[in-house]
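> Contents of final-v4.pdb (PDB, C-alpha atoms, pLDDT in the B column) are given next:
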```pdb
MODEL        1
ATOM      1  CA  MET E 862      17.401 148.315  80.130  1.00 41.00           C
ATOM      2  CA  SER E 863      14.994 146.454  82.385  1.00 51.00           C
ATOM      3  CA  GLN E 864      12.477 148.542  84.277  1.00 62.00           C
ATOM      4  CA  GLU E 865      12.396 145.874  86.989  1.00 82.00           C
ATOM      5  CA  THR E 866      12.646 147.385  90.456  1.00 92.00           C
ATOM      6  CA  LEU E 867      12.527 145.959  93.973  1.00 95.00           C
ATOM      7  CA  PHE E 868       8.842 146.861  94.050  1.00 97.00           C
ATOM      8  CA  THR E 869       8.143 145.251  90.671  1.00 96.00           C
ATOM      9  CA  ARG E 870       9.715 142.041  91.977  1.00 96.00           C
ATOM     10  CA  ILE E 871       7.533 142.176  95.106  1.00 97.00           C
ATOM     11  CA  ILE E 872       4.427 142.870  92.986  1.00 96.00           C
ATOM     12  CA  ASN E 873       5.346 139.900  90.754  1.00 95.00           C
ATOM     13  CA  GLY E 874       5.828 137.605  93.748  1.00 95.00           C
ATOM     14  CA  GLN E 875       9.567 137.066  93.195  1.00 95.00           C
ATOM     15  CA  ILE E 876      10.273 138.643  96.595  1.00 95.00           C
ATOM     16  CA  PRO E 877       7.844 138.315  99.538  1.00 96.00           C
ATOM     17  CA  GLY E 878       5.920 141.382 100.664  1.00 96.00           C
ATOM     18  CA  LYS E 879       3.206 141.985 103.246  1.00 98.00           C
ATOM     19  CA  PHE E 880       0.335 143.266 101.129  1.00 98.00           C
ATOM     20  CA  VAL E 881      -2.402 145.341 102.757  1.00 98.00           C
ATOM     21  CA  HIS E 882      -4.020 146.318  99.439  1.00 98.00           C
ATOM     22  CA  ARG E 883      -3.853 145.013  95.904  1.00 98.00           C
ATOM     23  CA  ASP E 884      -5.737 145.956  92.737  1.00 98.00           C
ATOM     24  CA  GLU E 885      -4.895 146.063  89.046  1.00 97.00           C
ATOM     25  CA  ASP E 886      -3.112 149.423  89.212  1.00 98.00           C
ATOM     26  CA  ILE E 887      -1.994 149.945  92.802  1.00 98.00           C
ATOM     27  CA  VAL E 888      -0.623 147.840  95.639  1.00 98.00           C
ATOM     28  CA  ALA E 889       0.207 148.652  99.264  1.00 98.00           C
ATOM     29  CA  ILE E 890       2.811 146.791 101.316  1.00 98.00           C
ATOM     30  CA  ARG E 891       4.277 147.232 104.801  1.00 98.00           C
ATOM     31  CA  ASP E 892       7.638 149.035 104.912  1.00 98.00           C
ATOM     32  CA  ILE E 893      10.334 146.599 106.085  1.00 96.00           C
ATOM     33  CA  ASN E 894      11.942 149.392 108.132  1.00 97.00           C
ATOM     34  CA  PRO E 895       8.898 151.056 109.735  1.00 98.00           C
ATOM     35  CA  GLN E 896       9.229 154.586 111.134  1.00 98.00           C
ATOM     36  CA  ALA E 897       5.841 154.579 112.870  1.00 98.00           C
ATOM     37  CA  PRO E 898       3.415 151.936 114.259  1.00 98.00           C
ATOM     38  CA  THR E 899       1.768 151.943 110.823  1.00 98.00           C
ATOM     39  CA  HIS E 900       4.136 152.436 107.878  1.00 98.00           C
ATOM     40  CA  VAL E 901       2.822 151.327 104.510  1.00 98.00           C
ATOM     41  CA  LEU E 902       4.066 151.997 100.971  1.00 98.00           C
ATOM     42  CA  VAL E 903       1.405 152.690  98.346  1.00 98.00           C
ATOM     43  CA  ILE E 904       2.847 151.870  94.921  1.00 98.00           C
ATOM     44  CA  PRO E 905       1.578 152.064  91.337  1.00 98.00           C
ATOM     45  CA  VAL E 906       2.122 148.851  89.398  1.00 97.00           C
ATOM     46  CA  LYS E 907       3.328 151.056  86.520  1.00 96.00           C
ATOM     47  CA  PRO E 908       7.062 151.462  87.266  1.00 94.00           C
ATOM     48  CA  LEU E 909       7.369 155.248  87.115  1.00 97.00           C
ATOM     49  CA  PRO E 910      10.886 155.945  88.445  1.00 97.00           C
ATOM     50  CA  SER E 911       9.568 158.892  90.479  1.00 98.00           C
ATOM     51  CA  LEU E 912       6.995 161.681  90.453  1.00 98.00           C
ATOM     52  CA  ALA E 913       9.479 163.623  88.304  1.00 97.00           C
ATOM     53  CA  GLU E 914       8.766 161.214  85.419  1.00 97.00           C
ATOM     54  CA  ALA E 915       4.956 161.405  85.761  1.00 98.00           C
ATOM     55  CA  GLY E 916       3.098 163.296  83.042  1.00 98.00           C
ATOM     56  CA  PRO E 917      -0.439 164.523  82.366  1.00 98.00           C
ATOM     57  CA  GLU E 918      -1.327 160.994  81.198  1.00 98.00           C
ATOM     58  CA  ASP E 919      -0.750 159.829  84.789  1.00 98.00           C
ATOM     59  CA  GLU E 920      -3.197 162.301  86.359  1.00 98.00           C
ATOM     60  CA  ALA E 921      -5.882 159.713  87.154  1.00 98.00           C
ATOM     61  CA  LEU E 922      -3.328 157.193  88.428  1.00 98.00           C
ATOM     62  CA  LEU E 923      -1.808 159.805  90.773  1.00 98.00           C
ATOM     63  CA  GLY E 924      -5.253 160.749  92.060  1.00 98.00           C
ATOM     64  CA  ARG E 925      -6.062 157.110  92.687  1.00 98.00           C
ATOM     65  CA  LEU E 926      -2.722 156.704  94.480  1.00 98.00           C
ATOM     66  CA  LEU E 927      -3.751 159.335  97.052  1.00 98.00           C
ATOM     67  CA  LEU E 928      -7.305 157.971  97.360  1.00 98.00           C
ATOM     68  CA  THR E 929      -5.887 154.470  97.898  1.00 98.00           C
ATOM     69  CA  ALA E 930      -3.535 155.791 100.591  1.00 98.00           C
ATOM     70  CA  LYS E 931      -6.549 157.379 102.279  1.00 98.00           C
ATOM     71  CA  ARG E 932      -8.495 154.107 102.142  1.00 98.00           C
ATOM     72  CA  VAL E 933      -5.564 152.092 103.500  1.00 98.00           C
ATOM     73  CA  ALA E 934      -5.279 154.628 106.338  1.00 98.00           C
ATOM     74  CA  GLU E 935      -8.942 154.028 107.190  1.00 98.00           C
ATOM     75  CA  GLN E 936      -8.411 150.274 106.991  1.00 98.00           C
ATOM     76  CA  GLU E 937      -5.448 150.641 109.400  1.00 98.00           C
ATOM     77  CA  GLY E 938      -7.623 152.537 111.910  1.00 98.00           C
ATOM     78  CA  LEU E 939      -5.911 155.903 111.350  1.00 98.00           C
ATOM     79  CA  ALA E 940      -8.948 157.894 110.182  1.00 96.00           C
ATOM     80  CA  GLU E 941      -9.685 159.374 113.587  1.00 95.00           C
ATOM     81  CA  GLY E 942      -6.162 160.082 114.872  1.00 97.00           C
ATOM     82  CA  GLY E 943      -4.627 161.222 111.607  1.00 98.00           C
ATOM     83  CA  TYR E 944      -1.632 160.292 109.471  1.00 98.00           C
ATOM     84  CA  ARG E 945       1.076 161.648 107.165  1.00 98.00           C
ATOM     85  CA  LEU E 946       1.767 160.907 103.497  1.00 98.00           C
ATOM     86  CA  VAL E 947       5.292 161.440 102.129  1.00 98.00           C
ATOM     87  CA  ILE E 948       6.605 161.237  98.574  1.00 98.00           C
ATOM     88  CA  ASN E 949      10.387 161.400  98.199  1.00 98.00           C
ATOM     89  CA  VAL E 950      11.765 162.492  94.839  1.00 98.00           C
ATOM     90  CA  GLY E 951      15.447 162.108  94.024  1.00 98.00           C
ATOM     91  CA  GLY E 952      18.529 162.283  96.223  1.00 98.00           C
ATOM     92  CA  GLN E 953      17.769 165.318  98.383  1.00 98.00           C
ATOM     93  CA  GLY E 954      14.210 164.070  98.780  1.00 98.00           C
ATOM     94  CA  GLY E 955      15.565 160.875 100.311  1.00 98.00           C
ATOM     95  CA  GLN E 956      14.241 158.537  97.615  1.00 98.00           C
ATOM     96  CA  THR E 957      15.946 155.121  97.818  1.00 95.00           C
ATOM     97  CA  VAL E 958      13.950 152.893  95.421  1.00 97.00           C
ATOM     98  CA  PRO E 959      13.554 154.248  91.846  1.00 97.00           C
ATOM     99  CA  HIS E 960       9.857 153.346  91.605  1.00 97.00           C
ATOM    100  CA  LEU E 961       7.293 155.957  92.655  1.00 98.00           C
ATOM    101  CA  HIS E 962       5.756 155.228  96.070  1.00 98.00           C
ATOM    102  CA  VAL E 963       3.810 157.049  98.773  1.00 98.00           C
ATOM    103  CA  HIS E 964       4.776 156.509 102.409  1.00 98.00           C
ATOM    104  CA  LEU E 965       1.788 156.336 104.761  1.00 98.00           C
ATOM    105  CA  LEU E 966       2.784 156.821 108.406  1.00 98.00           C
ATOM    106  CA  GLY E 967       0.542 156.871 111.467  1.00 98.00           C
ATOM    107  CA  GLY E 968      -0.152 155.550 114.928  1.00 98.00           C
ATOM    108  CA  ARG E 969       2.081 158.113 116.637  1.00 98.00           C
ATOM    109  CA  GLN E 970       2.308 161.907 116.701  1.00 98.00           C
ATOM    110  CA  MET E 971       4.214 163.010 113.598  1.00 98.00           C
ATOM    111  CA  THR E 972       6.561 165.954 114.234  1.00 98.00           C
ATOM    112  CA  TRP E 973       7.723 169.039 112.325  1.00 98.00           C
ATOM    113  CA  PRO E 974       9.827 169.554 110.263  1.00 98.00           C
ATOM    114  CA  PRO E 975       9.125 166.410 108.223  1.00 98.00           C
ATOM    115  CA  GLY E 976      12.768 165.304 108.127  1.00 98.00           C
TER
ATOM    116  CA  MET I1430     -21.063 177.137 108.749  1.00 41.00           C
ATOM    117  CA  SER I1431     -18.637 178.970 106.500  1.00 51.00           C
ATOM    118  CA  GLN I1432     -16.070 176.916 104.672  1.00 61.00           C
ATOM    119  CA  GLU I1433     -13.724 179.901 104.670  1.00 82.00           C
ATOM    120  CA  THR I1434     -10.217 178.935 105.736  1.00 92.00           C
ATOM    121  CA  LEU I1435      -6.936 180.824 106.021  1.00 95.00           C
ATOM    122  CA  PHE I1436      -6.066 179.528 102.569  1.00 97.00           C
ATOM    123  CA  THR I1437      -9.411 180.559 101.097  1.00 96.00           C
ATOM    124  CA  ARG I1438      -8.817 184.076 102.400  1.00 96.00           C
ATOM    125  CA  ILE I1439      -5.327 184.122 100.820  1.00 97.00           C
ATOM    126  CA  ILE I1440      -6.747 182.783  97.527  1.00 96.00           C
ATOM    127  CA  ASN I1441      -9.437 185.499  97.631  1.00 95.00           C
ATOM    128  CA  GLY I1442      -6.872 188.237  98.304  1.00 95.00           C
ATOM    129  CA  GLN I1443      -8.182 189.119 101.779  1.00 95.00           C
ATOM    130  CA  ILE I1444      -4.813 188.105 103.276  1.00 95.00           C
ATOM    131  CA  PRO I1445      -1.532 188.559 101.362  1.00 96.00           C
ATOM    132  CA  GLY I1446       0.305 185.489 100.094  1.00 96.00           C
ATOM    133  CA  LYS I1447       3.402 184.943  97.977  1.00 98.00           C
ATOM    134  CA  PHE I1448       2.029 183.063  94.990  1.00 98.00           C
ATOM    135  CA  VAL I1449       4.374 180.938  92.885  1.00 98.00           C
ATOM    136  CA  HIS I1450       1.553 179.322  90.873  1.00 98.00           C
ATOM    137  CA  ARG I1451      -2.079 180.121  90.243  1.00 98.00           C
ATOM    138  CA  ASP I1452      -4.706 178.543  88.013  1.00 98.00           C
ATOM    139  CA  GLU I1453      -8.451 178.016  88.224  1.00 97.00           C
ATOM    140  CA  ASP I1454      -8.234 174.935  90.454  1.00 98.00           C
ATOM    141  CA  ILE I1455      -4.879 175.058  92.227  1.00 98.00           C
ATOM    142  CA  VAL I1456      -2.606 177.686  93.755  1.00 98.00           C
ATOM    143  CA  ALA I1457       0.855 177.497  95.297  1.00 98.00           C
ATOM    144  CA  ILE I1458       2.151 179.913  97.933  1.00 98.00           C
ATOM    145  CA  ARG I1459       5.321 180.123 100.010  1.00 98.00           C
ATOM    146  CA  ASP I1460       5.018 178.772 103.564  1.00 98.00           C
ATOM    147  CA  ILE I1461       5.371 181.639 106.055  1.00 96.00           C
ATOM    148  CA  ASN I1462       7.389 179.366 108.373  1.00 97.00           C
ATOM    149  CA  PRO I1463       9.722 177.602 105.902  1.00 98.00           C
ATOM    150  CA  GLN I1464      11.425 174.364 106.963  1.00 98.00           C
ATOM    151  CA  ALA I1465      13.764 174.223 103.944  1.00 98.00           C
ATOM    152  CA  PRO I1466      15.266 176.727 101.457  1.00 98.00           C
ATOM    153  CA  THR I1467      12.230 176.070  99.263  1.00 98.00           C
ATOM    154  CA  HIS I1468       8.967 175.416 101.128  1.00 98.00           C
ATOM    155  CA  VAL I1469       5.804 175.903  99.115  1.00 98.00           C
ATOM    156  CA  LEU I1470       2.198 174.886  99.816  1.00 98.00           C
ATOM    157  CA  VAL I1471       0.208 173.531  96.860  1.00 98.00           C
ATOM    158  CA  ILE I1472      -3.499 174.026  97.567  1.00 98.00           C
ATOM    159  CA  PRO I1473      -6.722 173.179  95.746  1.00 98.00           C
ATOM    160  CA  VAL I1474      -9.094 176.139  95.490  1.00 97.00           C
ATOM    161  CA  LYS I1475     -11.872 173.706  96.488  1.00 96.00           C
ATOM    162  CA  PRO I1476     -11.822 173.844 100.299  1.00 94.00           C
ATOM    163  CA  LEU I1477     -11.570 170.141 101.107  1.00 97.00           C
ATOM    164  CA  PRO I1478     -10.859 170.047 104.866  1.00 97.00           C
ATOM    165  CA  SER I1479      -8.277 167.278 104.341  1.00 98.00           C
ATOM    166  CA  LEU I1480      -7.499 164.240 102.211  1.00 98.00           C
ATOM    167  CA  ALA I1481      -9.833 162.314 104.539  1.00 98.00           C
ATOM    168  CA  GLU I1482     -12.793 164.193 103.020  1.00 97.00           C
ATOM    169  CA  ALA I1483     -11.725 163.612  99.394  1.00 98.00           C
ATOM    170  CA  GLY I1484     -13.812 161.165  97.373  1.00 98.00           C
ATOM    171  CA  PRO I1485     -13.670 159.442  93.987  1.00 98.00           C
ATOM    172  CA  GLU I1486     -15.055 162.656  92.413  1.00 98.00           C
ATOM    173  CA  ASP I1487     -11.786 164.359  93.429  1.00 98.00           C
ATOM    174  CA  GLU I1488      -9.521 161.866  91.657  1.00 98.00           C
ATOM    175  CA  ALA I1489      -8.532 164.222  88.812  1.00 98.00           C
ATOM    176  CA  LEU I1490      -8.049 167.160  91.181  1.00 98.00           C
ATOM    177  CA  LEU I1491      -5.747 165.108  93.428  1.00 98.00           C
ATOM    178  CA  GLY I1492      -3.748 163.966  90.413  1.00 98.00           C
ATOM    179  CA  ARG I1493      -3.392 167.524  89.232  1.00 98.00           C
ATOM    180  CA  LEU I1494      -2.318 168.561  92.733  1.00 98.00           C
ATOM    181  CA  LEU I1495       0.686 166.216  92.542  1.00 98.00           C
ATOM    182  CA  LEU I1496       1.496 167.190  88.935  1.00 98.00           C
ATOM    183  CA  THR I1497       1.350 170.863  89.924  1.00 98.00           C
ATOM    184  CA  ALA I1498       3.686 170.225  92.864  1.00 98.00           C
ATOM    185  CA  LYS I1499       6.082 168.557  90.436  1.00 98.00           C
ATOM    186  CA  ARG I1500       5.923 171.521  88.050  1.00 98.00           C
ATOM    187  CA  VAL I1501       6.468 174.037  90.862  1.00 98.00           C
ATOM    188  CA  ALA I1502       9.477 171.972  91.995  1.00 98.00           C
ATOM    189  CA  GLU I1503      10.929 172.247  88.478  1.00 98.00           C
ATOM    190  CA  GLN I1504      10.200 175.979  88.446  1.00 98.00           C
ATOM    191  CA  GLU I1505      12.035 176.299  91.786  1.00 98.00           C
ATOM    192  CA  GLY I1506      15.106 174.528  90.372  1.00 98.00           C
ATOM    193  CA  LEU I1507      14.628 171.348  92.406  1.00 98.00           C
ATOM    194  CA  ALA I1508      14.298 168.863  89.528  1.00 96.00           C
ATOM    195  CA  GLU I1509      17.942 167.816  89.593  1.00 95.00           C
ATOM    196  CA  GLY I1510      18.598 167.696  93.351  1.00 97.00           C
ATOM    197  CA  GLY I1511      15.257 166.300  94.441  1.00 98.00           C
ATOM    198  CA  TYR I1512      12.512 167.246  96.860  1.00 98.00           C
ATOM    199  CA  ARG I1513       9.915 165.895  99.298  1.00 98.00           C
ATOM    200  CA  LEU I1514       6.127 166.212  99.250  1.00 98.00           C
ATOM    201  CA  VAL I1515       4.193 165.900 102.516  1.00 98.00           C
ATOM    202  CA  ILE I1516       0.446 165.764 103.164  1.00 98.00           C
ATOM    203  CA  ASN I1517      -0.609 165.990 106.811  1.00 98.00           C
ATOM    204  CA  VAL I1518      -4.024 164.610 107.734  1.00 98.00           C
ATOM    205  CA  GLY I1519      -5.571 165.316 111.138  1.00 98.00           C
ATOM    206  CA  GLY I1520      -3.980 165.802 114.536  1.00 98.00           C
ATOM    207  CA  GLN I1521      -1.380 163.030 114.597  1.00 98.00           C
ATOM    208  CA  GLY I1522      -0.462 163.893 111.020  1.00 98.00           C
ATOM    209  CA  GLY I1523       0.410 167.400 112.165  1.00 98.00           C
ATOM    210  CA  GLN I1524      -2.231 169.183 110.074  1.00 98.00           C
ATOM    211  CA  THR I1525      -2.757 172.755 111.291  1.00 95.00           C
ATOM    212  CA  VAL I1526      -4.984 174.379 108.621  1.00 97.00           C
ATOM    213  CA  PRO I1527      -8.236 172.490 107.810  1.00 97.00           C
ATOM    214  CA  HIS I1528      -7.880 172.921 104.040  1.00 97.00           C
ATOM    215  CA  LEU I1529      -6.068 170.195 102.082  1.00 98.00           C
ATOM    216  CA  HIS I1530      -2.528 171.219 101.072  1.00 98.00           C
ATOM    217  CA  VAL I1531       0.681 169.576  99.887  1.00 98.00           C
ATOM    218  CA  HIS I1532       3.983 170.736 101.383  1.00 98.00           C
ATOM    219  CA  LEU I1533       6.817 170.894  98.836  1.00 98.00           C
ATOM    220  CA  LEU I1534      10.239 171.030 100.512  1.00 98.00           C
ATOM    221  CA  GLY I1535      13.650 171.152  98.862  1.00 98.00           C
ATOM    222  CA  GLY I1536      17.011 172.864  98.599  1.00 98.00           C
ATOM    223  CA  ARG I1537      18.546 170.835 101.433  1.00 98.00           C
ATOM    224  CA  GLN I1538      19.014 167.131 102.194  1.00 98.00           C
ATOM    225  CA  MET I1539      15.745 165.846 103.663  1.00 98.00           C
ATOM    226  CA  THR I1540      16.265 163.306 106.474  1.00 98.00           C
ATOM    227  CA  TRP I1541      14.533 160.122 107.719  1.00 98.00           C
ATOM    228  CA  PRO I1542      12.177 159.602 109.481  1.00 98.00           C
ATOM    229  CA  PRO I1543       9.977 162.320 107.999  1.00 98.00           C
ATOM    230  CA  GLY I1544       9.060 163.806 111.379  1.00 98.00           C
TER
ENDMDL
END
```
For the structure just supplied, provide its representation as structure tokens.

Amino acid sequence: MSQETLFTRIINGQIPGKFVHRDEDIVAIRDINPQAPTHVLVIPVKPLPSLAEAGPEDEALLGRLLLTAKRVAEQEGLAEGGYRLVINVGGQGGQTVPHLHVHLLGGRQMTWPPG
Amino acid sequence: MSQETLFTRIINGQIPGKFVHRDEDIVAIRDINPQAPTHVLVIPVKPLPSLAEAGPEDEALLGRLLLTAKRVAEQEGLAEGGYRLVINVGGQGGQTVPHLHVHLLGGRQMTWPPG
């Protein structure tokens, strides 16, 4: 079975995406249905279906995913005001694309509970 | 200035906490104001004020933080249904304790937007 996901197709240029970061291992694109003034998805190029499928061999990649989200937040001018990162895993988590991604939301006051 | 936070005091046993995981670098405790049937905080022992203060030297620790959250989710019986991880950074992110922590929420359908 193909591991091709919506995000893999965007990364490969088959579907357009608004990139705000791109390196060998991680990309960041704007969410097409933003829930805050800034809403970016930070995505590993490696098509892990979700965090549930990540293993110890992915430790460095997962760390870099969070550090990249932090850097994109700075780039988006959110360092001072603050921001929220969200990772949805599976159905009850609200995950809709089976390719691990971190939501970065900011530019408004985030509320509690987080959905 | 002391780097002692509420979480440091719980980790040191000065304040009681309900631990669901504990190793040298990372602990997990139940949130005292749960927003879902399972609501656990996964916390590095190192008192980073927030993700904004994490640097490249913290890459492995951040990766392990996510892998530990995943393992606690499995331990809590959330692997099949799914779950959500949330990291709040600064005021607009809704961060209330200045010590980096990951919220793990599950056991109910999480909604969108995430707060």
> For the structure shown, which residues end up in the ChimeraX specification (/I :<7) & /E? Put them as a ChimeraX atom specification, please?
/E:896,912-913,920-921,923-925,931,942-955,969-976
> I need the output of the PyMOL selection byres ((chain I and resi 1470) around 7) for this file as a PyMOL selection string; which residues are they?
chain I and resi 1457-1460+1468-1469+1471-1472+1530-1533
> One decimal, in Å: what's the spacing between atom CA of I:Thr1525 and atom CA of E:Gln936?
23.6 Å
> Taking the file as shown, what set of residues would the PyMOL selection byres ((chain I and resi 1453) around 12) give back, as a list in words?
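Checking the PyMOL selection byres ((chain I and resi 1453) around 12) against this file, the residues are Ile1440, His1450, Arg1451, Asp1452, Asp1454, Ile1455, Val1456, Ala1457, Ile1472, Pro1473, Val1474, Lys1475, Leu1490 and Arg1493 of chain I.
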> Tell me which of I:Lys1447, I:Leu1477, I:Asn1462, I:Leu1435 sits closest to I:Leu1529, counting only C-alpha atoms.
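When distances to I:Leu1529 are compared using only C-alpha atoms, the smallest one comes from I:Leu1477.
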> Measure the distance from atom CA of I:Phe1436 to atom CA of I:Gly1506 in Å and round it to one decimal.
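That distance, rounded to one decimal, is 24.9 Å.
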> What is the atom CA of I:Pro1466-atom CA of I:Glu1505 distance in Å, reported with one decimal?
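So the two atoms, atom CA of I:Pro1466 and atom CA of I:Glu1505, lie 10.2 Å apart.
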